[in-house]
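Below is final_22.cif, which holds mmCIF, N, CA and C atoms and all ligand atoms.
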data_final
loop_
_atom_site.group_PDB
_atom_site.id
_atom_site.type_symbol
_atom_site.label_atom_id
_atom_site.label_comp_id
_atom_site.auth_asym_id
_atom_site.auth_seq_id
_atom_site.Cartn_x
_atom_site.Cartn_y
_atom_site.Cartn_z
ATOM 1 N N MET A 1 0.853 -1.196 0.000
ATOM 2 C CA MET A 1 0.000 0.000 0.000
ATOM 3 C C MET A 1 0.883 1.238 0.000
ATOM 4 N N VAL A 2 0.656 2.101 -0.926
ATOM 5 C CA VAL A 2 1.283 3.411 -0.835
ATOM 6 C C VAL A 2 0.213 4.338 -0.286
ATOM 7 N N LEU A 3 0.578 5.066 0.715
ATOM 8 C CA LEU A 3 -0.409 5.924 1.363
ATOM 9 C C LEU A 3 -0.825 7.052 0.419
ATOM 10 N N ASP A 4 -2.108 7.362 0.435
ATOM 11 C CA ASP A 4 -2.519 8.482 -0.403
ATOM 12 C C ASP A 4 -2.293 9.810 0.336
ATOM 13 N N ARG A 5 -2.484 10.868 -0.402
ATOM 14 C CA ARG A 5 -2.199 12.204 0.118
ATOM 15 C C ARG A 5 -2.909 12.491 1.435
ATOM 16 N N GLU A 6 -4.170 12.103 1.456
ATOM 17 C CA GLU A 6 -4.975 12.387 2.637
ATOM 18 C C GLU A 6 -4.449 11.638 3.866
ATOM 19 N N GLN A 7 -4.052 10.394 3.640
ATOM 20 C CA GLN A 7 -3.516 9.600 4.747
ATOM 21 C C GLN A 7 -2.196 10.184 5.239
ATOM 22 N N LEU A 8 -1.372 10.618 4.288
ATOM 23 C CA LEU A 8 -0.098 11.216 4.674
ATOM 24 C C LEU A 8 -0.310 12.493 5.484
ATOM 25 N N GLU A 9 -1.295 13.284 5.063
ATOM 26 C CA GLU A 9 -1.595 14.509 5.806
ATOM 27 C C GLU A 9 -2.072 14.187 7.217
ATOM 28 N N GLU A 10 -2.866 13.136 7.325
ATOM 29 C CA GLU A 10 -3.380 12.761 8.639
ATOM 30 C C GLU A 10 -2.239 12.325 9.559
ATOM 31 N N ILE A 11 -1.327 11.519 9.006
ATOM 32 C CA ILE A 11 -0.173 11.076 9.779
ATOM 33 C C ILE A 11 0.659 12.276 10.227
ATOM 34 N N LYS A 12 0.831 13.206 9.323
ATOM 35 C CA LYS A 12 1.624 14.387 9.648
ATOM 36 C C LYS A 12 0.988 15.179 10.791
ATOM 37 N N ARG A 13 -0.321 15.330 10.711
ATOM 38 C CA ARG A 13 -1.025 16.033 11.794
ATOM 39 C C ARG A 13 -0.829 15.324 13.119
ATOM 40 N N LEU A 14 -0.974 13.993 13.090
ATOM 41 C CA LEU A 14 -0.808 13.221 14.326
ATOM 42 C C LEU A 14 0.597 13.403 14.898
ATOM 43 N N LEU A 15 1.585 13.364 14.018
ATOM 44 C CA LEU A 15 2.974 13.490 14.468
ATOM 45 C C LEU A 15 3.244 14.874 15.053
ATOM 46 N N GLU A 16 2.721 15.880 14.385
ATOM 47 C CA GLU A 16 2.965 17.232 14.876
ATOM 48 C C GLU A 16 2.279 17.480 16.216
ATOM 49 N N TYR A 17 1.106 16.902 16.353
ATOM 50 C CA TYR A 17 0.390 17.023 17.619
ATOM 51 C C TYR A 17 1.178 16.362 18.743
ATOM 52 N N LYS A 18 1.657 15.159 18.460
ATOM 53 C CA LYS A 18 2.443 14.425 19.461
ATOM 54 C C LYS A 18 3.723 15.161 19.824
ATOM 55 N N ALA A 19 4.366 15.723 18.818
ATOM 56 C CA ALA A 19 5.615 16.443 19.056
ATOM 57 C C ALA A 19 5.375 17.632 19.987
ATOM 58 N N LYS A 20 4.262 18.317 19.755
ATOM 59 C CA LYS A 20 3.930 19.467 20.582
ATOM 60 C C LYS A 20 3.693 19.049 22.032
ATOM 61 N N GLU A 21 2.938 17.963 22.164
ATOM 62 C CA GLU A 21 2.654 17.429 23.490
ATOM 63 C C GLU A 21 3.938 17.065 24.225
ATOM 64 N N LEU A 22 4.811 16.371 23.516
ATOM 65 C CA LEU A 22 6.069 15.926 24.121
ATOM 66 C C LEU A 22 6.934 17.106 24.517
ATOM 67 N N ARG A 23 6.963 18.121 23.655
ATOM 68 C CA ARG A 23 7.783 19.277 23.960
ATOM 69 C C ARG A 23 7.336 19.959 25.248
ATOM 70 N N SER A 24 6.023 20.100 25.408
ATOM 71 C CA SER A 24 5.577 20.776 26.627
ATOM 72 C C SER A 24 5.810 19.895 27.850
ATOM 73 N N GLU A 25 5.705 18.592 27.646
ATOM 74 C CA GLU A 25 5.964 17.700 28.776
ATOM 75 C C GLU A 25 7.444 17.721 29.165
ATOM 76 N N THR A 26 8.292 17.803 28.151
ATOM 77 C CA THR A 26 9.729 17.856 28.408
ATOM 78 C C THR A 26 10.101 19.136 29.140
ATOM 79 N N LYS A 27 9.443 20.209 28.770
ATOM 80 C CA LYS A 27 9.730 21.494 29.405
ATOM 81 C C LYS A 27 9.354 21.501 30.881
ATOM 82 N N LYS A 28 8.248 20.845 31.190
ATOM 83 C CA LYS A 28 7.776 20.813 32.575
ATOM 84 C C LYS A 28 8.775 20.152 33.511
ATOM 85 N N LYS A 29 9.449 19.145 32.968
ATOM 86 C CA LYS A 29 10.385 18.409 33.802
ATOM 87 C C LYS A 29 11.722 19.124 33.862
ATOM 88 N N LYS A 30 12.274 19.174 35.062
ATOM 89 C CA LYS A 30 13.675 19.560 35.129
ATOM 90 C C LYS A 30 14.429 18.332 34.680
ATOM 91 N N ARG A 31 15.111 18.467 33.571
ATOM 92 C CA ARG A 31 15.646 17.247 32.991
ATOM 93 C C ARG A 31 16.937 16.787 33.629
ATOM 94 N N LYS A 32 16.838 15.626 34.233
ATOM 95 C CA LYS A 32 18.055 14.978 34.714
ATOM 96 C C LYS A 32 18.381 13.889 33.717
ATOM 97 N N LYS A 33 19.619 13.776 33.399
ATOM 98 C CA LYS A 33 20.030 12.830 32.363
ATOM 99 C C LYS A 33 19.590 11.405 32.648
ATOM 100 N N LYS A 34 19.618 11.025 33.903
ATOM 101 C CA LYS A 34 19.361 9.623 34.207
ATOM 102 C C LYS A 34 17.887 9.324 34.466
ATOM 103 N N ASP A 35 17.088 10.339 34.531
ATOM 104 C CA ASP A 35 15.670 10.130 34.752
ATOM 105 C C ASP A 35 15.081 9.273 33.629
ATOM 106 N N PRO A 36 14.600 8.068 33.957
ATOM 107 C CA PRO A 36 14.145 7.162 32.900
ATOM 108 C C PRO A 36 12.978 7.745 32.095
ATOM 109 N N HIS A 37 12.156 8.539 32.747
ATOM 110 C CA HIS A 37 11.031 9.134 32.033
ATOM 111 C C HIS A 37 11.530 10.131 30.982
ATOM 112 N N ALA A 38 12.526 10.920 31.374
ATOM 113 C CA ALA A 38 13.091 11.891 30.445
ATOM 114 C C ALA A 38 13.779 11.185 29.280
ATOM 115 N N VAL A 39 14.428 10.070 29.583
ATOM 116 C CA VAL A 39 15.096 9.303 28.532
ATOM 117 C C VAL A 39 14.067 8.748 27.545
ATOM 118 N N ALA A 40 12.952 8.247 28.083
ATOM 119 C CA ALA A 40 11.894 7.718 27.230
ATOM 120 C C ALA A 40 11.292 8.819 26.359
ATOM 121 N N LEU A 41 11.092 9.975 26.950
ATOM 122 C CA LEU A 41 10.552 11.113 26.204
ATOM 123 C C LEU A 41 11.476 11.504 25.056
ATOM 124 N N ALA A 42 12.772 11.540 25.359
ATOM 125 C CA ALA A 42 13.746 11.926 24.339
ATOM 126 C C ALA A 42 13.755 10.917 23.196
ATOM 127 N N ALA A 43 13.636 9.643 23.544
ATOM 128 C CA ALA A 43 13.632 8.603 22.520
ATOM 129 C C ALA A 43 12.391 8.727 21.644
ATOM 130 N N GLU A 44 11.262 9.027 22.271
ATOM 131 C CA GLU A 44 10.019 9.163 21.524
ATOM 132 C C GLU A 44 10.091 10.363 20.584
ATOM 133 N N MET A 45 10.654 11.431 21.116
ATOM 134 C CA MET A 45 10.813 12.645 20.318
ATOM 135 C C MET A 45 11.684 12.364 19.092
ATOM 136 N N GLU A 46 12.705 11.590 19.301
ATOM 137 C CA GLU A 46 13.607 11.262 18.205
ATOM 138 C C GLU A 46 12.877 10.470 17.119
ATOM 139 N N ASP A 47 12.054 9.530 17.549
ATOM 140 C CA ASP A 47 11.272 8.745 16.591
ATOM 141 C C ASP A 47 10.314 9.631 15.802
ATOM 142 N N ILE A 48 9.721 10.576 16.493
ATOM 143 C CA ILE A 48 8.762 11.459 15.834
ATOM 144 C C ILE A 48 9.465 12.353 14.817
ATOM 145 N N GLU A 49 10.620 12.868 15.215
ATOM 146 C CA GLU A 49 11.370 13.705 14.275
ATOM 147 C C GLU A 49 11.819 12.901 13.061
ATOM 148 N N HIS A 50 12.225 11.686 13.317
ATOM 149 C CA HIS A 50 12.626 10.792 12.239
ATOM 150 C C HIS A 50 11.453 10.576 11.272
ATOM 151 N N ALA A 51 10.284 10.329 11.827
ATOM 152 C CA ALA A 51 9.102 10.076 11.000
ATOM 153 C C ALA A 51 8.716 11.311 10.192
ATOM 154 N N LEU A 52 8.797 12.472 10.815
ATOM 155 C CA LEU A 52 8.453 13.709 10.106
ATOM 156 C C LEU A 52 9.428 13.966 8.954
ATOM 157 N N LYS A 53 10.674 13.681 9.214
ATOM 158 C CA LYS A 53 11.688 13.859 8.183
ATOM 159 C C LYS A 53 11.434 12.903 7.023
ATOM 160 N N LYS A 54 11.091 11.682 7.384
ATOM 161 C CA LYS A 54 10.809 10.688 6.355
ATOM 162 C C LYS A 54 9.588 11.097 5.524
ATOM 163 N N LEU A 55 8.605 11.670 6.189
ATOM 164 C CA LEU A 55 7.413 12.144 5.475
ATOM 165 C C LEU A 55 7.779 13.209 4.451
ATOM 166 N N ASP A 56 8.733 14.058 4.801
ATOM 167 C CA ASP A 56 9.128 15.129 3.900
ATOM 168 C C ASP A 56 10.027 14.649 2.776
ATOM 169 N N GLU A 57 10.950 13.755 3.134
ATOM 170 C CA GLU A 57 12.016 13.452 2.184
ATOM 171 C C GLU A 57 11.862 12.114 1.484
ATOM 172 N N ASP A 58 11.073 11.257 2.095
ATOM 173 C CA ASP A 58 11.060 9.880 1.602
ATOM 174 C C ASP A 58 9.663 9.299 1.690
ATOM 175 N N ARG A 59 8.719 10.063 1.216
ATOM 176 C CA ARG A 59 7.313 9.729 1.307
ATOM 177 C C ARG A 59 6.962 8.320 0.859
ATOM 178 N N ASP A 60 7.591 7.905 -0.235
ATOM 179 C CA ASP A 60 7.242 6.605 -0.824
ATOM 180 C C ASP A 60 7.569 5.449 0.101
ATOM 181 N N ARG A 61 8.496 5.683 0.978
ATOM 182 C CA ARG A 61 8.861 4.587 1.866
ATOM 183 C C ARG A 61 8.160 4.674 3.215
ATOM 184 N N PHE A 62 7.407 5.726 3.403
ATOM 185 C CA PHE A 62 6.692 5.848 4.668
ATOM 186 C C PHE A 62 5.600 4.784 4.746
ATOM 187 N N GLY A 63 5.481 4.177 5.923
ATOM 188 C CA GLY A 63 4.455 3.145 6.081
ATOM 189 C C GLY A 63 4.988 1.737 5.875
ATOM 190 N N PHE A 64 6.306 1.656 5.630
ATOM 191 C CA PHE A 64 6.924 0.348 5.505
ATOM 192 C C PHE A 64 7.924 0.133 6.637
ATOM 193 N N CYS A 65 8.038 -1.109 7.056
ATOM 194 C CA CYS A 65 8.992 -1.465 8.098
ATOM 195 C C CYS A 65 10.412 -1.169 7.626
ATOM 196 N N GLU A 66 11.231 -0.599 8.515
ATOM 197 C CA GLU A 66 12.591 -0.257 8.114
ATOM 198 C C GLU A 66 13.522 -1.457 8.187
ATOM 199 N N LYS A 67 13.015 -2.557 8.716
ATOM 200 C CA LYS A 67 13.863 -3.739 8.817
ATOM 201 C C LYS A 67 13.539 -4.739 7.706
ATOM 202 N N CYS A 68 12.277 -5.116 7.616
ATOM 203 C CA CYS A 68 11.924 -6.158 6.633
ATOM 204 C C CYS A 68 11.178 -5.590 5.427
ATOM 205 N N PHE A 69 10.881 -4.298 5.436
ATOM 206 C CA PHE A 69 10.227 -3.606 4.329
ATOM 207 C C PHE A 69 8.806 -4.070 4.051
ATOM 208 N N MET A 70 8.220 -4.723 5.036
ATOM 209 C CA MET A 70 6.811 -5.070 4.920
ATOM 210 C C MET A 70 5.966 -3.834 5.203
ATOM 211 N N GLU A 71 4.789 -3.840 4.620
ATOM 212 C CA GLU A 71 3.846 -2.761 4.901
ATOM 213 C C GLU A 71 3.407 -2.777 6.354
ATOM 214 N N ILE A 72 3.304 -1.617 6.926
ATOM 215 C CA ILE A 72 2.725 -1.520 8.266
ATOM 216 C C ILE A 72 1.240 -1.193 8.092
ATOM 217 N N PRO A 73 0.364 -1.987 8.690
ATOM 218 C CA PRO A 73 -1.066 -1.733 8.501
ATOM 219 C C PRO A 73 -1.471 -0.330 8.959
ATOM 220 N N TRP A 74 -2.396 0.259 8.241
ATOM 221 C CA TRP A 74 -2.862 1.609 8.522
ATOM 222 C C TRP A 74 -3.274 1.776 9.980
ATOM 223 N N GLY A 75 -3.999 0.792 10.502
ATOM 224 C CA GLY A 75 -4.456 0.865 11.885
ATOM 225 C C GLY A 75 -3.308 1.026 12.874
ATOM 226 N N GLU A 76 -2.205 0.348 12.582
ATOM 227 C CA GLU A 76 -1.044 0.434 13.477
ATOM 228 C C GLU A 76 -0.316 1.761 13.320
ATOM 229 N N LEU A 77 -0.329 2.273 12.114
ATOM 230 C CA LEU A 77 0.303 3.582 11.888
ATOM 231 C C LEU A 77 -0.439 4.693 12.616
ATOM 232 N N VAL A 78 -1.760 4.602 12.583
ATOM 233 C CA VAL A 78 -2.547 5.637 13.243
ATOM 234 C C VAL A 78 -2.336 5.578 14.752
ATOM 235 N N GLU A 79 -2.224 4.363 15.243
ATOM 236 C CA GLU A 79 -2.017 4.162 16.669
ATOM 237 C C GLU A 79 -0.677 4.748 17.108
ATOM 238 N N ASN A 80 0.343 4.519 16.300
ATOM 239 C CA ASN A 80 1.654 5.064 16.603
ATOM 240 C C ASN A 80 2.347 5.473 15.305
ATOM 241 N N PRO A 81 2.106 6.702 14.867
ATOM 242 C CA PRO A 81 2.613 7.125 13.558
ATOM 243 C C PRO A 81 4.141 7.211 13.495
ATOM 244 N N ALA A 82 4.786 7.188 14.645
ATOM 245 C CA ALA A 82 6.245 7.298 14.637
ATOM 246 C C ALA A 82 6.929 5.937 14.554
ATOM 247 N N ARG A 83 6.153 4.881 14.457
ATOM 248 C CA ARG A 83 6.790 3.560 14.493
ATOM 249 C C ARG A 83 7.656 3.325 13.257
ATOM 250 N N ARG A 84 8.777 2.675 13.481
ATOM 251 C CA ARG A 84 9.702 2.421 12.374
ATOM 252 C C ARG A 84 9.573 1.001 11.863
ATOM 253 N N TYR A 85 9.059 0.119 12.712
ATOM 254 C CA TYR A 85 9.065 -1.294 12.355
ATOM 255 C C TYR A 85 7.664 -1.885 12.414
ATOM 256 N N CYS A 86 7.481 -2.963 11.692
ATOM 257 C CA CYS A 86 6.216 -3.684 11.751
ATOM 258 C C CYS A 86 6.106 -4.374 13.116
ATOM 259 N N SER A 87 4.930 -4.910 13.395
ATOM 260 C CA SER A 87 4.739 -5.491 14.724
ATOM 261 C C SER A 87 5.663 -6.683 14.938
ATOM 262 N N ARG A 88 5.982 -7.399 13.857
ATOM 263 C CA ARG A 88 6.848 -8.558 14.016
ATOM 264 C C ARG A 88 8.270 -8.132 14.372
ATOM 265 N N CYS A 89 8.789 -7.155 13.675
ATOM 266 C CA CYS A 89 10.173 -6.724 13.916
ATOM 267 C C CYS A 89 10.333 -5.985 15.241
ATOM 268 N N SER A 90 9.298 -5.276 15.662
ATOM 269 C CA SER A 90 9.428 -4.567 16.930
ATOM 270 C C SER A 90 9.106 -5.491 18.097
ATOM 271 N N GLY A 91 8.781 -6.729 17.785
ATOM 272 C CA GLY A 91 8.549 -7.729 18.830
ATOM 273 C C GLY A 91 7.245 -7.565 19.574
ATOM 274 N N ARG A 92 6.288 -6.912 18.928
ATOM 275 C CA ARG A 92 4.998 -6.765 19.561
ATOM 276 C C ARG A 92 3.896 -7.418 18.746
HETATM 277 ZN ZN ZN B 1 9.359 -5.713 9.854
#
Go ahead and express the file in the form of structure tokens.
Amino acid sequence: MVLDREQLEEIKRLLEYKAKELRSETKKKKRKKKDPHAVALAAEMEDIEHALKKLDEDRDRFGFCEKCFMEIPWGELVENPARRYCSRCSGR
């Protein structure tokens, strides 16, 4: 499946919304390097930025697993638009 324009726009909106949420949450915390919550937030932010970049630069490959190149089902993308891998590769 190659995502159509409308689906790509929806994913982009979801990602931007999440990024905004994460940014304000990160700001609230006094960030200590070892704080596991802060580390998780940073990792999530990185995934979101990666996904947004991919949407801009590599649209045709968006929605495919980065490991096995299988399609990621639309339902799973909507649930977590920043995911890089299919459910099998991410072990879920
Ligand atoms: Zn995979």
Please build the interface table for chain A against ligand ZN 1 (chain B) with a cut-off of 6 Å, listing for each qualifying residue the nearest atom pair and the distance in Å to one decimal; count all atoms listed in the file, order rows by chain and increasing number, and write it as a tab-separated table.
residue	atom	partner	partner_atom	distance
A:Cys65	CA	B:ZN1	ZN	4.6
A:Glu66	N	B:ZN1	ZN	5.6
A:Lys67	C	B:ZN1	ZN	4.8
A:Cys68	N	B:ZN1	ZN	3.7
A:Phe69	N	B:ZN1	ZN	4.9
A:Met70	N	B:ZN1	ZN	5.0
A:Tyr85	C	B:ZN1	ZN	4.9
A:Cys86	N	B:ZN1	ZN	3.8
A:Ser87	N	B:ZN1	ZN	5.7
A:Arg88	C	B:ZN1	ZN	5.2
A:Cys89	N	B:ZN1	ZN	4.1
A:Ser90	N	B:ZN1	ZN	5.8
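With distances taken over all atoms listed in the file, A:Ala51 is the one residue among A:Pro73, A:Ala51, A:Phe64, A:Ala40 lying closest to Lys12 of chain A.
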With all atoms of segment 10-28 of chain A from the file as input, state the centre and edge lengths in Å to one decimal of the axis-aligned box that has 6 Å extra on each side, as JSON.
{"center_x": 3.4, "center_y": 16.3, "center_z": 20.4, "size_x": 25.5, "size_y": 22.4, "size_z": 38.2}
Between atom C of Gly75 of chain A and atom CA of Glu21 of chain A - distance in Å to one decimal: 20.4 Å
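The space separating atom CA of Asp4 of chain A from atom CA of Glu76 of chain A comes to 16.1 Å.
Going from atom C of Arg84 of chain A to atom C of Lys28 of chain A covers 28.9 Å.
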